[in-house]
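The structure appears right after this line, and notes come after that.
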Amino acid sequence: MNHQNEIMLKKETTDKNGLNTMSEHDSTKNGLGEKWPEPTVRVQSLAESNLATVPDRYIKPPSERPDQTIIINHQPKTAAINIPVVDLNSLFSGNEDEKERISEACREFGFFQVINHGVTPELMEAAREAWRSFFNLPVEAKEVYSNSPSTYEGYGSRLGVEKGAILDWNDYYFLHYLPLVLKDLNKWPSLPSSIRKFPVNINREVMDEYGEELVKLGERLARVLSSNLGLKEEQLQEAFGGEDVGACMRVNYYPKCPRPELALGLSPHSDPGGLTILLPDDKVVGLQVRYDDTWITVNSLPHAFIVNLGDQIQILSNSIYKSSEHRVIVNSQKERVSLAFFYNPKSDIPIQPLQQLVTSTNPPLYPPMSFDEYRLFIRTQGPRGKAYVESHISPLVN
Ligand code: OGA
Ligand code: NI
């Protein structure tokens, strides 16, 4: 794509969606700048200050508050509905029922949990506990890794840069694994403890191994989805940029919340990228998936990963597969730690519906856009349900 087209594409998407993703005044390359619009407040600090309620900044309007019965019981409202469970071992041994189950899950929910996925329980546990101990450090020890909107890498407490926005009840840590040029070791919390006041217990070997295993799992899942769409096994991966996929991780820390019925740990959103492989907290529920008008609380099986499809899969599949809308509720009893691993397309190539899935009766629903550009919607305006993928519809289709 030449430079001129690229600029036109940016202008068109900015206009159509009314999203002000590019500011003329910012000098950094994506326009998001180095500073947050307001001083950063760590949710952990609020939680530890024994407030009787939550500050106004975290109070959702009544229509967006979670269902109180769920929080009180810690149980799903409709226990009968849960997200499908897929046995990957059985799937890869050619079990047709399993293949049907994952295929239906991708069309219906965009969400499923996988068991027998090949990652050892020991590695999963070690990764989660390493990050739990990181978040258990005093806030002061983490501030050195404080992030900025330009890359989001490091310790953060908000998603989106809109001044005055209502915020979510979580702190997080965001990191790149792939491409390797983006894996910036200075951004990893593992500097020698001798030069730090607080030793940081992130075991780099564990985290590297975890990343490698999850990239492998992402590749295997991409092959399954591709063949279920009637494509060559490697086609989806190729559309992701082949060997040049992106991989990053958001570790979420949801502190105890004095008024969980007023706030959310993470507002409704769909993930902007490809596939998300989530390692949930083994002891505390919180993730909810939207199914029609109900929020289903995910009860994960021991040692399962929760997989969900992001907007890039919805775009590439021309909406045969749906990205899922989900949110996180909090509670007053226990903090919760989750590791969301994102397996994404190469960030600078145009992503659009795959030609094989486009026919005269099914025209391409989405115009081409790189993931780098697409990701700016959520990075600028924060979580907004499925608004970004829904407003990304091609003008030719309407
Ligand atoms: C996310 C996410 C869910 C969770 O990080 O995008 O949806 O359970 N996390 O923390
Ligand atoms: Ni998510």
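Numbering starts fresh at 1 for the residues of each chain in the structure tokens, the chains themselves are lettered A, B, ... in the order given, and ligands are numbered from 1 as they appear.
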
Can you write out as CSV which residues of chain A fall within 7 Å of ligand 2, alongside each residue's closest atom pair and its distance in Å to one decimal, counting only C-alpha atoms and all ligand atoms and ordering rows by chain and ascending residue number?
```
residue,atom,partner,partner_atom_place_in_ligand_line,distance
A:His269,CA,ligand 2,1 (Ni),6.3
A:Ser270,CA,ligand 2,1 (Ni),5.8
A:Asp271,CA,ligand 2,1 (Ni),4.8
A:His326,CA,ligand 2,1 (Ni),6.4
```

Each residue of chain A with at least one atom at most 6 Å from ligand 1 should appear once, together with its nearest atom pair and the corresponding distance in Å (one decimal); atoms considered: only C-alpha atoms and all ligand atoms; ordering: chain, then increasing residue number; output as a Markdown table.
```
| residue | atom | partner | partner_atom_place_in_ligand_line | distance |
| --- | --- | --- | --- | --- |
| A:Arg250 | CA | ligand 1 | 5 (O) | 5.8 |
| A:Asn252 | CA | ligand 1 | 10 (O) | 5.5 |
| A:Asp271 | CA | ligand 1 | 6 (O) | 5.7 |
| A:Pro280 | CA | ligand 1 | 8 (O) | 5.8 |
| A:Leu287 | CA | ligand 1 | 8 (O) | 4.4 |
| A:Val328 | CA | ligand 1 | 8 (O) | 5.9 |
| A:Ser338 | CA | ligand 1 | 10 (O) | 4.9 |
| A:Ala340 | CA | ligand 1 | 5 (O) | 5.0 |
```

**Prompt:** Separation of CA of Lys256 in chain A and CA of Trp295 in chain A, in Å?
**Reply:**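 That distance, rounded to one decimal, is 20.9 Å.
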
**Prompt:** Mind checking DSSP for range 185-348 of chain A and telling me the strand (DSSP E) residues as a ChimeraX atom specification?
**Reply:** /A:246-254,266-269,275-279,287-291,294-297,305-309,326-328,336-344

**Message:** as a list in words, please: the residues near Phe92 in chain A (cut-off 12 Å, only C-alpha atoms, same-chain neighbours under 3 positions excluded).
**Reply:**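 Final neighbour list, sorted by chain and number: Val86, Asp87, Leu88, Asn89, Asn95, Glu96, Asp97, Glu98, Lys99, Ile102, Asn116, His117, Gly118, Arg220, Leu221, Arg223 and Val224 of chain A.
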
Dump of N, CA and C atoms for the selected residues, as an mmCIF file, in the first residue's frame:
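Saved result, result-v8.cif, follows:
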```cif
data_model
loop_
_atom_site.group_PDB
_atom_site.id
_atom_site.type_symbol
_atom_site.label_atom_id
_atom_site.label_comp_id
_atom_site.auth_asym_id
_atom_site.auth_seq_id
_atom_site.Cartn_x
_atom_site.Cartn_y
_atom_site.Cartn_z
ATOM 1 N N VAL A 86 -14.034 -27.945 25.348
ATOM 2 C CA VAL A 86 -13.477 -28.687 24.224
ATOM 3 C C VAL A 86 -12.228 -29.432 24.686
ATOM 4 N N ASP A 87 -12.208 -30.740 24.434
ATOM 5 C CA ASP A 87 -11.057 -31.569 24.775
ATOM 6 C C ASP A 87 -10.112 -31.585 23.563
ATOM 7 N N LEU A 88 -9.015 -30.836 23.678
ATOM 8 C CA LEU A 88 -8.145 -30.677 22.508
ATOM 9 C C LEU A 88 -7.436 -31.965 22.130
ATOM 10 N N ASN A 89 -7.136 -32.777 23.118
ATOM 11 C CA ASN A 89 -6.483 -34.046 22.827
ATOM 12 C C ASN A 89 -7.377 -34.898 21.935
ATOM 13 N N ASN A 95 -11.621 -36.706 16.754
ATOM 14 C CA ASN A 95 -12.991 -36.866 17.248
ATOM 15 C C ASN A 95 -13.933 -35.834 16.609
ATOM 16 N N GLU A 96 -14.914 -36.324 15.870
ATOM 17 C CA GLU A 96 -15.818 -35.442 15.122
ATOM 18 C C GLU A 96 -16.753 -34.640 16.032
ATOM 19 N N ASP A 97 -17.176 -35.245 17.143
ATOM 20 C CA ASP A 97 -18.061 -34.524 18.076
ATOM 21 C C ASP A 97 -17.363 -33.289 18.620
ATOM 22 N N GLU A 98 -16.073 -33.466 18.917
ATOM 23 C CA GLU A 98 -15.293 -32.377 19.486
ATOM 24 C C GLU A 98 -15.139 -31.259 18.446
ATOM 25 N N LYS A 99 -14.956 -31.682 17.208
ATOM 26 C CA LYS A 99 -14.805 -30.718 16.124
ATOM 27 C C LYS A 99 -16.095 -29.906 15.955
ATOM 28 N N ILE A 102 -16.463 -27.341 18.920
ATOM 29 C CA ILE A 102 -15.661 -26.109 18.831
ATOM 30 C C ILE A 102 -16.196 -25.222 17.708
ATOM 31 N N ASN A 116 -7.039 -30.602 28.310
ATOM 32 C CA ASN A 116 -6.052 -31.445 27.617
ATOM 33 C C ASN A 116 -5.377 -30.696 26.465
ATOM 34 N N HIS A 117 -4.918 -29.495 26.801
ATOM 35 C CA HIS A 117 -4.371 -28.585 25.780
ATOM 36 C C HIS A 117 -2.866 -28.684 25.655
ATOM 37 N N GLY A 118 -2.222 -29.494 26.511
ATOM 38 C CA GLY A 118 -0.783 -29.700 26.366
ATOM 39 C C GLY A 118 0.087 -28.819 27.244
ATOM 40 N N ARG A 220 -2.020 -23.949 17.068
ATOM 41 C CA ARG A 220 -2.862 -25.143 16.908
ATOM 42 C C ARG A 220 -4.328 -24.755 16.790
ATOM 43 N N LEU A 221 -4.744 -23.805 17.617
ATOM 44 C CA LEU A 221 -6.146 -23.362 17.552
ATOM 45 C C LEU A 221 -6.436 -22.693 16.205
ATOM 46 N N ARG A 223 -5.163 -23.419 13.372
ATOM 47 C CA ARG A 223 -5.343 -24.479 12.359
ATOM 48 C C ARG A 223 -6.747 -25.092 12.440
ATOM 49 N N VAL A 224 -7.210 -25.326 13.680
ATOM 50 C CA VAL A 224 -8.550 -25.902 13.850
ATOM 51 C C VAL A 224 -9.624 -24.958 13.295
#
```

**Asked** Excluding same-chain residues fewer than 6 positions from Thr53 in chain A, what lies within 10 Å of it counting only C-alpha atoms, as a count of residues only?
**Response** 8
